[in-house]
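Visitor: My structure is stored as upload-v8.cif, with mmCIF, C-alpha atoms and all ligand atoms.
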```
data_data
#
loop_
_atom_site.label_atom_id
_atom_site.label_comp_id
_atom_site.auth_asym_id
_atom_site.auth_seq_id
_atom_site.Cartn_x
_atom_site.Cartn_y
_atom_site.Cartn_z
CA LYS H 137 0.58 -2.25 10.29
CA SER H 138 1.04 -4.07 13.61
CA SER H 139 0.67 -7.65 12.35
CA MET H 140 3.01 -7.18 9.41
CA ALA H 141 6.21 -9.18 9.51
CA VAL H 142 9.22 -6.89 9.05
CA GLU H 143 12.80 -8.04 8.93
CA VAL H 144 15.87 -5.82 8.62
CA GLU H 145 19.26 -7.23 7.69
CA VAL H 146 22.52 -5.36 7.24
CA PHE H 147 25.14 -6.67 4.81
CA GLU H 148 28.54 -6.07 3.36
CA LYS H 149 28.10 -5.20 -0.30
CA GLU H 150 28.87 -8.62 -1.78
CA ALA H 151 26.86 -10.45 0.88
CA LEU H 152 23.77 -8.37 0.12
CA ALA H 153 23.64 -9.59 -3.47
CA VAL H 154 24.24 -13.19 -2.37
CA SER H 155 21.44 -13.04 0.19
CA LEU H 156 19.03 -11.26 -2.15
CA ALA H 157 19.58 -13.93 -4.82
CA LYS H 158 18.77 -16.70 -2.34
CA TYR H 159 15.68 -14.80 -1.16
CA VAL H 160 14.37 -14.35 -4.71
CA ALA H 161 15.20 -17.94 -5.70
CA ASP H 162 13.47 -19.37 -2.61
CA LEU H 163 10.33 -17.36 -3.36
CA SER H 164 10.47 -18.41 -7.00
CA ASN H 165 10.50 -22.07 -5.87
CA LYS H 166 7.71 -21.52 -3.39
CA PHE H 167 5.34 -19.83 -5.83
CA THR H 168 6.13 -21.89 -8.92
CA GLN H 169 5.45 -25.04 -6.86
CA GLN H 170 2.33 -23.61 -5.20
CA ARG H 171 0.67 -22.04 -8.18
CA GLY H 172 2.73 -22.64 -11.29
CA ALA H 173 3.60 -18.97 -11.68
CA PHE H 174 5.78 -16.35 -10.00
CA THR H 175 4.86 -12.69 -10.41
CA VAL H 176 7.77 -10.31 -9.79
CA CYS H 177 7.79 -6.52 -9.98
CA LEU H 178 11.11 -4.79 -10.67
CA SER H 179 12.17 -1.25 -9.85
CA GLY H 180 14.70 0.91 -11.65
CA GLY H 181 17.85 2.40 -10.18
CA SER H 182 20.56 0.31 -8.60
CA LEU H 183 18.31 -2.70 -7.91
CA ILE H 184 19.20 -4.58 -11.09
CA ASN H 185 22.87 -4.60 -10.00
CA TYR H 186 21.91 -6.50 -6.89
CA LEU H 187 20.17 -9.26 -8.87
CA GLN H 188 23.32 -10.34 -10.69
CA LYS H 189 23.94 -13.46 -8.55
CA LEU H 190 20.72 -14.92 -9.95
CA LEU H 191 22.57 -15.17 -13.26
CA GLU H 192 25.13 -17.52 -11.74
CA ALA H 193 25.19 -21.09 -10.38
CA PRO H 194 23.22 -22.55 -8.73
CA TYR H 195 20.31 -20.24 -9.41
CA VAL H 196 20.56 -19.66 -13.12
CA ASP H 197 19.95 -23.36 -13.81
CA SER H 198 17.56 -24.16 -10.95
CA ILE H 199 15.06 -21.34 -11.25
CA GLU H 200 11.97 -22.10 -13.34
CA TRP H 201 12.35 -19.01 -15.48
CA GLY H 202 9.52 -20.14 -17.77
CA LYS H 203 7.06 -19.55 -14.95
CA TRP H 204 8.20 -16.01 -14.16
CA HIS H 205 5.96 -13.06 -15.01
CA VAL H 206 7.82 -9.76 -14.82
CA PHE H 207 6.32 -6.32 -14.21
CA TRP H 208 7.60 -2.87 -13.31
CA VAL H 209 6.75 -1.20 -10.02
CA ASP H 210 7.38 2.02 -11.87
CA GLU H 211 8.57 3.05 -15.29
CA ARG H 212 9.68 6.21 -16.98
CA VAL H 213 7.57 7.25 -19.98
CA VAL H 214 10.32 7.08 -22.59
CA PRO H 215 10.94 4.70 -25.52
CA LYS H 216 11.97 1.20 -24.44
CA ASP H 217 15.43 1.67 -25.95
CA HIS H 218 16.01 5.02 -24.18
CA GLU H 219 18.76 5.11 -21.59
CA ASP H 220 16.28 6.32 -18.93
CA SER H 221 14.02 3.29 -19.49
CA ASN H 222 13.70 0.92 -16.53
CA TYR H 223 12.78 -1.78 -19.06
CA LYS H 224 16.07 -1.26 -20.91
CA LEU H 225 18.02 -1.29 -17.65
CA ALA H 226 16.40 -4.59 -16.62
CA PHE H 227 16.60 -6.10 -20.10
CA ASP H 228 20.27 -5.31 -20.67
CA GLY H 229 21.38 -6.25 -17.15
CA PHE H 230 19.14 -9.20 -16.36
CA LEU H 231 16.19 -10.23 -18.52
CA SER H 232 18.19 -10.79 -21.71
CA LYS H 233 20.34 -13.32 -19.83
CA VAL H 234 17.59 -15.66 -18.60
CA PRO H 235 15.00 -17.71 -20.52
CA ILE H 236 11.85 -15.89 -19.42
CA PRO H 237 9.33 -16.10 -22.29
CA SER H 238 9.06 -12.66 -23.88
CA GLY H 239 5.27 -12.85 -23.54
CA ASN H 240 5.71 -12.98 -19.76
CA VAL H 241 7.58 -9.68 -19.63
CA TYR H 242 5.05 -6.88 -19.26
CA ALA H 243 6.66 -3.62 -20.33
CA ILE H 244 4.62 -0.44 -20.55
CA ASN H 245 3.34 0.67 -23.94
CA ASP H 246 5.88 3.33 -24.86
CA ALA H 247 3.74 4.66 -27.72
CA LEU H 248 1.22 6.18 -25.31
CA SER H 249 1.09 9.31 -23.15
CA ALA H 250 1.83 8.90 -19.44
CA GLU H 251 -1.88 8.78 -18.64
CA GLY H 252 -2.61 6.40 -21.50
CA ALA H 253 0.28 4.13 -20.53
CA ALA H 254 -0.90 3.99 -16.91
CA ASP H 255 -4.47 3.05 -17.97
CA ASP H 256 -3.12 0.51 -20.43
CA TYR H 257 -0.89 -1.08 -17.77
CA GLU H 258 -3.80 -1.26 -15.32
CA THR H 259 -5.90 -3.00 -17.99
CA CYS H 260 -3.07 -5.46 -18.63
CA VAL H 261 -2.85 -6.26 -14.90
CA LYS H 262 -6.67 -6.65 -14.73
CA HIS H 263 -6.61 -9.26 -17.51
CA LEU H 264 -3.88 -11.18 -15.70
CA VAL H 265 -5.83 -11.08 -12.43
CA ASN H 266 -8.88 -12.40 -14.31
CA SER H 267 -6.83 -15.24 -15.77
CA ASN H 268 -5.29 -16.00 -12.33
CA VAL H 269 -1.73 -15.28 -13.42
CA ILE H 270 -1.73 -12.56 -10.77
CA THR H 271 -3.46 -13.33 -7.47
CA SER H 272 -6.03 -10.98 -6.00
CA SER H 273 -5.97 -9.86 -2.37
CA SER H 274 -8.89 -11.33 -0.47
CA ILE H 275 -8.50 -8.45 1.99
CA SER H 276 -8.36 -5.40 -0.27
CA GLY H 277 -9.35 -6.65 -3.73
CA PHE H 278 -6.15 -5.16 -5.17
CA PRO H 279 -3.79 -7.31 -7.24
CA LYS H 280 -1.44 -9.27 -4.99
CA PHE H 281 1.98 -9.73 -6.57
CA ASP H 282 4.16 -12.54 -5.24
CA LEU H 283 7.24 -10.32 -4.93
CA MET H 284 7.95 -6.63 -5.29
CA LEU H 285 11.56 -5.52 -5.42
CA LEU H 286 11.76 -1.90 -4.32
CA GLY H 287 14.58 0.59 -4.11
CA MET H 288 14.43 3.79 -2.07
CA GLY H 289 15.71 7.24 -2.96
CA PRO H 290 17.61 9.49 -0.50
CA ASP H 291 14.35 11.45 -0.05
CA GLY H 292 12.55 8.26 1.01
CA HIS H 293 10.64 7.73 -2.24
CA VAL H 294 9.71 4.24 -3.37
CA ALA H 295 8.41 3.33 -6.84
CA SER H 296 7.56 6.79 -8.27
CA LEU H 297 5.74 7.83 -5.11
CA PHE H 298 7.54 10.91 -3.80
CA PRO H 299 7.38 12.61 -0.39
CA GLY H 300 4.58 15.16 -0.16
CA HIS H 301 3.17 14.27 -3.58
CA PRO H 302 -0.62 13.78 -3.69
CA LEU H 303 -0.21 10.44 -5.51
CA VAL H 304 1.06 8.97 -2.25
CA GLN H 305 -2.61 9.12 -1.10
CA GLU H 306 -4.09 7.46 -4.21
CA ASN H 307 -6.35 4.69 -2.96
CA LYS H 308 -8.48 3.64 -5.95
CA LYS H 309 -6.29 3.31 -9.00
CA TRP H 310 -3.91 0.39 -9.43
CA VAL H 311 -1.54 2.24 -11.74
CA THR H 312 -1.21 5.99 -12.04
CA SER H 313 0.77 8.48 -14.08
CA ILE H 314 2.95 11.25 -12.71
CA THR H 315 4.08 14.13 -14.90
CA ASP H 316 5.98 16.18 -12.31
CA SER H 317 8.40 13.66 -10.81
CA PRO H 318 11.06 15.47 -8.80
CA LYS H 319 13.53 12.79 -9.92
CA PRO H 320 14.02 13.02 -13.69
CA PRO H 321 12.59 12.10 -16.09
CA PRO H 322 9.35 13.85 -15.02
CA GLU H 323 6.85 11.55 -16.77
CA ARG H 324 6.39 8.15 -15.21
CA ILE H 325 3.83 5.54 -14.35
CA THR H 326 3.76 3.78 -11.00
CA PHE H 327 1.88 1.21 -8.98
CA THR H 328 -0.06 2.87 -6.15
CA PHE H 329 0.34 2.12 -2.45
CA PRO H 330 -2.72 -0.16 -2.24
CA VAL H 331 -1.13 -2.40 -4.90
CA ILE H 332 2.33 -2.26 -3.33
CA ASN H 333 0.85 -3.08 0.08
CA ALA H 334 -1.26 -5.99 -1.19
CA SER H 335 1.98 -7.85 -2.03
CA ALA H 336 2.84 -11.23 -0.56
CA TYR H 337 6.53 -10.29 -0.23
CA ILE H 338 8.41 -7.02 -0.55
CA ALA H 339 12.18 -6.60 -0.54
CA LEU H 340 13.37 -3.02 0.02
CA VAL H 341 16.96 -2.88 -1.18
CA VAL H 342 18.78 0.23 0.01
CA THR H 343 22.50 0.96 -0.11
CA GLY H 344 24.79 3.91 0.53
CA SER H 345 25.23 6.37 3.39
CA GLY H 346 23.31 9.01 1.43
CA LYS H 347 20.19 7.09 2.36
CA ALA H 348 20.99 6.61 6.06
CA ASP H 349 18.75 9.46 7.26
CA ALA H 350 15.75 8.23 5.28
CA VAL H 351 16.34 4.65 6.48
CA HIS H 352 16.47 5.91 10.05
CA SER H 353 13.24 7.89 9.70
CA ALA H 354 11.40 5.06 7.97
CA LEU H 355 12.45 2.38 10.44
CA ARG H 356 12.85 4.21 13.74
CA GLY H 357 10.02 6.66 13.22
CA SER H 358 10.18 10.42 13.53
CA GLU H 359 7.96 13.42 13.01
CA THR H 360 8.56 13.16 9.30
CA ALA H 361 7.95 9.41 9.05
CA ASP H 362 4.36 9.85 7.87
CA LYS H 363 5.63 11.92 4.96
CA LEU H 364 8.15 9.30 3.92
CA PRO H 365 6.80 6.95 1.27
CA ALA H 366 9.22 4.21 2.43
CA ALA H 367 7.56 4.31 5.86
CA LEU H 368 4.20 3.58 4.20
CA VAL H 369 5.39 0.26 2.77
CA SER H 370 3.36 -2.14 4.85
CA PRO H 371 2.42 -5.26 2.90
CA GLU H 372 -0.24 -7.84 3.72
CA GLY H 373 2.62 -10.31 3.59
CA GLU H 374 6.24 -9.90 4.60
CA LEU H 375 8.64 -6.99 4.26
CA LYS H 376 12.38 -7.41 4.33
CA TRP H 377 14.86 -4.53 4.24
CA PHE H 378 18.21 -5.41 2.64
CA LEU H 379 20.63 -2.70 3.82
CA ASP H 380 24.34 -2.22 3.38
CA LYS H 381 26.47 -0.77 6.20
CA GLY H 382 26.23 2.76 4.81
CA ALA H 383 22.43 2.77 4.59
CA ALA H 384 22.22 1.29 8.10
CA SER H 385 24.81 3.66 9.60
CA LYS H 386 22.24 5.82 11.45
CA LEU H 387 20.10 3.02 12.87
C1 LIG H 401 13.02 4.79 -10.69
C2 LIG H 401 13.01 3.77 -9.61
C3 LIG H 401 13.08 4.33 -8.22
C4 LIG H 401 14.33 3.76 -7.62
C5 LIG H 401 14.80 4.59 -6.46
C6 LIG H 401 16.13 4.10 -5.92
O1 LIG H 401 12.53 4.52 -11.76
O2 LIG H 401 13.58 5.87 -10.48
O3 LIG H 401 12.17 2.72 -9.77
O4 LIG H 401 11.99 4.11 -7.40
O5 LIG H 401 14.13 2.43 -7.23
O6 LIG H 401 14.93 5.91 -6.88
O7 LIG H 401 17.08 4.18 -6.94
P1 LIG H 401 18.61 3.89 -6.62
O8 LIG H 401 18.63 2.50 -6.05
O9 LIG H 401 19.33 3.99 -7.93
O10 LIG H 401 19.01 4.93 -5.66
#
```
Please rewrite the model in this file as structure tokens.
Guide:
Amino acid sequence: KSSMAVEVEVFEKEALAVSLAKYVADLSNKFTQQRGAFTVCLSGGSLINYLQKLLEAPYVDSIEWGKWHVFWVDERVVPKDHEDSNYKLAFDGFLSKVPIPSGNVYAINDALSAEGAADDYETCVKHLVNSNVITSSSISGFPKFDLMLLGMGPDGHVASLFPGHPLVQENKKWVTSITDSPKPPPERITFTFPVINASAYIALVVTGSGKADAVHSALRGSETADKLPAALVSPEGELKWFLDKGAASKL
């Protein structure tokens, strides 16, 4: 954990979205130039709202959308057109508005059970590692995504990895199912911590005073920090927290 680069920045609401758009666009340029592809993992929740500036000038026309490959950090096991679907949230609010080839958008298979969908997603990621669309970590051997965009719940959960849940400890699987999520809906699939922490870049986007206690515990440490999934986000690459004033109010 010691060598990891961590940055924390506190924003007014509008400024957060502006800064996040520049951050994502800069990384898109870096990776599309370096390797001709940019692998991005989206979360559900409020995150998609904070990506809206990417749909405006200058980014909408400068980003090489054709080289994006889009994944989900976690997904609810519901049909893709269900209102609880993270795919639907991202499609309606973002993906339908940019020219990313549909073949580069990797949604979960919504015809399968939670377990089946997790295995299927892991197989999909394996193929893309084998074809060098996704990089592989030379340190851990886990897939190394260029950018993961994470939200955090008031309980400190990230992805669908919840405090005190045994899946927080999963260290072999890349993708796992959860059928007892404390946040509804109960059936989900999620990337595991080894995959999250193999990432080149992680943005943790957290807003609202309801999350101030969890932000404090994750960043300033406390007895409960080791039980907070957000405190376990520790990528090989760089981590940046994007906080609004409410979320940062107890730092
Ligand atoms: C999900 C999300 C989840 C989310 C956090 C924060 O499917 O539920 O991926 O991990 O990012 O719960 O959500 P909010 O930003 O809406 O609070």
Visitor: How would you report the residues lying within 7 Å of ligand LIG 401 (chain H), as number ranges by chain, if you count only C-alpha atoms and all ligand atoms?
Guide: H: 179-183, 209-212, 222, 286-289, 293-296, 319, 342
Visitor: Please write the residues from the selection above to a file, keeping C-alpha atoms, as an mmCIF file, keeping the file's coordinate frame.
Guide:
```cif
data_model
loop_
_atom_site.group_PDB
_atom_site.id
_atom_site.type_symbol
_atom_site.label_atom_id
_atom_site.label_comp_id
_atom_site.auth_asym_id
_atom_site.auth_seq_id
_atom_site.Cartn_x
_atom_site.Cartn_y
_atom_site.Cartn_z
ATOM 1 C CA SER H 179 12.170 -1.250 -9.850
ATOM 2 C CA GLY H 180 14.700 0.910 -11.650
ATOM 3 C CA GLY H 181 17.850 2.400 -10.180
ATOM 4 C CA SER H 182 20.560 0.310 -8.600
ATOM 5 C CA LEU H 183 18.310 -2.700 -7.910
ATOM 6 C CA VAL H 209 6.750 -1.200 -10.020
ATOM 7 C CA ASP H 210 7.380 2.020 -11.870
ATOM 8 C CA GLU H 211 8.570 3.050 -15.290
ATOM 9 C CA ARG H 212 9.680 6.210 -16.980
ATOM 10 C CA ASN H 222 13.700 0.920 -16.530
ATOM 11 C CA LEU H 286 11.760 -1.900 -4.320
ATOM 12 C CA GLY H 287 14.580 0.590 -4.110
ATOM 13 C CA MET H 288 14.430 3.790 -2.070
ATOM 14 C CA GLY H 289 15.710 7.240 -2.960
ATOM 15 C CA HIS H 293 10.640 7.730 -2.240
ATOM 16 C CA VAL H 294 9.710 4.240 -3.370
ATOM 17 C CA ALA H 295 8.410 3.330 -6.840
ATOM 18 C CA SER H 296 7.560 6.790 -8.270
ATOM 19 C CA LYS H 319 13.530 12.790 -9.920
ATOM 20 C CA VAL H 342 18.780 0.230 0.010
#
```
Visitor: I need the residue nearest Gly229 of chain H from this list: H:Leu191, H:Ala157, H:Ala367, H:Leu297. Use all atoms listed in the file for the distance.
Guide: H:Leu191
Visitor: Using only C-alpha atoms, can you tell me which of H:Glu148, H:Asp220, H:Glu372, H:Glu143 comes closest to Ser274 of chain H?
Guide: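 Among the listed residues, the smallest separation from Ser274 of chain H belongs to H:Glu372.
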Visitor: At a cut-off of 12 Å, can you tabulate as a tab-separated table every residue of segment 311-334 of chain H near segment 244-256 of chain H together with its closest atom pair and the distance in Å to one decimal, using only C-alpha atoms and ordering rows by chain then number?
Guide:
```
residue	atom	partner	partner_atom	distance
H:Val311	CA	H:Ala254	CA	5.5
H:Thr312	CA	H:Ala254	CA	5.3
H:Ser313	CA	H:Glu251	CA	5.3
H:Ile314	CA	H:Ala250	CA	7.2
H:Thr315	CA	H:Ala250	CA	7.3
H:Asp316	CA	H:Ala250	CA	11.0
H:Ser317	CA	H:Ala250	CA	11.8
H:Pro321	CA	H:Ala250	CA	11.7
H:Pro322	CA	H:Ala250	CA	10.0
H:Glu323	CA	H:Ala250	CA	6.3
H:Arg324	CA	H:Ala250	CA	6.3
H:Ile325	CA	H:Ala254	CA	5.6
H:Thr326	CA	H:Ala254	CA	7.5
H:Phe327	CA	H:Ala254	CA	8.9
H:Thr328	CA	H:Ala254	CA	10.9
```
Visitor: If the box runs along x, y and z of the file and leaves 5 Å on each side of segment 309-321 of chain H, what are its centre and edge lengths in Å, one decimal, as AutoDock Vina command-line options?
Guide:
```
--center_x 3.9 --center_y 8.3 --center_z -12.4 --size_x 30.3 --size_y 25.8 --size_z 17.3
```
Visitor: To one decimal place in Å, what is the distance between atom CA of Val265 of chain H and atom CA of Pro215 of chain H?
Guide: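 Atom CA of Pro215 of chain H lies 26.5 Å from atom CA of Val265 of chain H.
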Visitor: Given all atoms listed in the file as the basis, pick out the residue of H:Glu200, H:Val146, H:Ser155, H:Leu231 nearest to Gln169 of chain H.
Guide: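 Comparing H:Glu200, H:Val146, H:Ser155, H:Leu231 against Gln169 of chain H, the winner is H:Glu200.
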Visitor: When you draw a straight line from atom CA of Pro194 of chain H to atom CA of Asp162 of chain H, how long is it in Å?
Guide: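 We find that atom CA of Pro194 of chain H and atom CA of Asp162 of chain H lie 11.9 Å from each other.
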Visitor: May I have the protein, DNA and RNA residues with any atom at most 9 Å from the point (10.4, -4.3, -19.0), counting all atoms listed in the file, written as a list in words?
Guide: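 Protein, DNA and RNA residues close to (10.4, -4.3, -19.0): Leu178, Val206, Phe207, Trp208, Glu211, Lys216, Ser221, Asn222, Tyr223, Lys224, Leu225, Ala226, Phe227, Leu231, Val241, Tyr242, Ala243 and Ile244 of chain H.
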Visitor: Point out the residue among H:Val160, H:Ala350, H:Ala173, H:Leu190 with the least atom-to-atom distance to Lys203 of chain H, counting all atoms listed in the file.
Guide: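 Distance minimum relative to Lys203 of chain H lands on H:Ala173.
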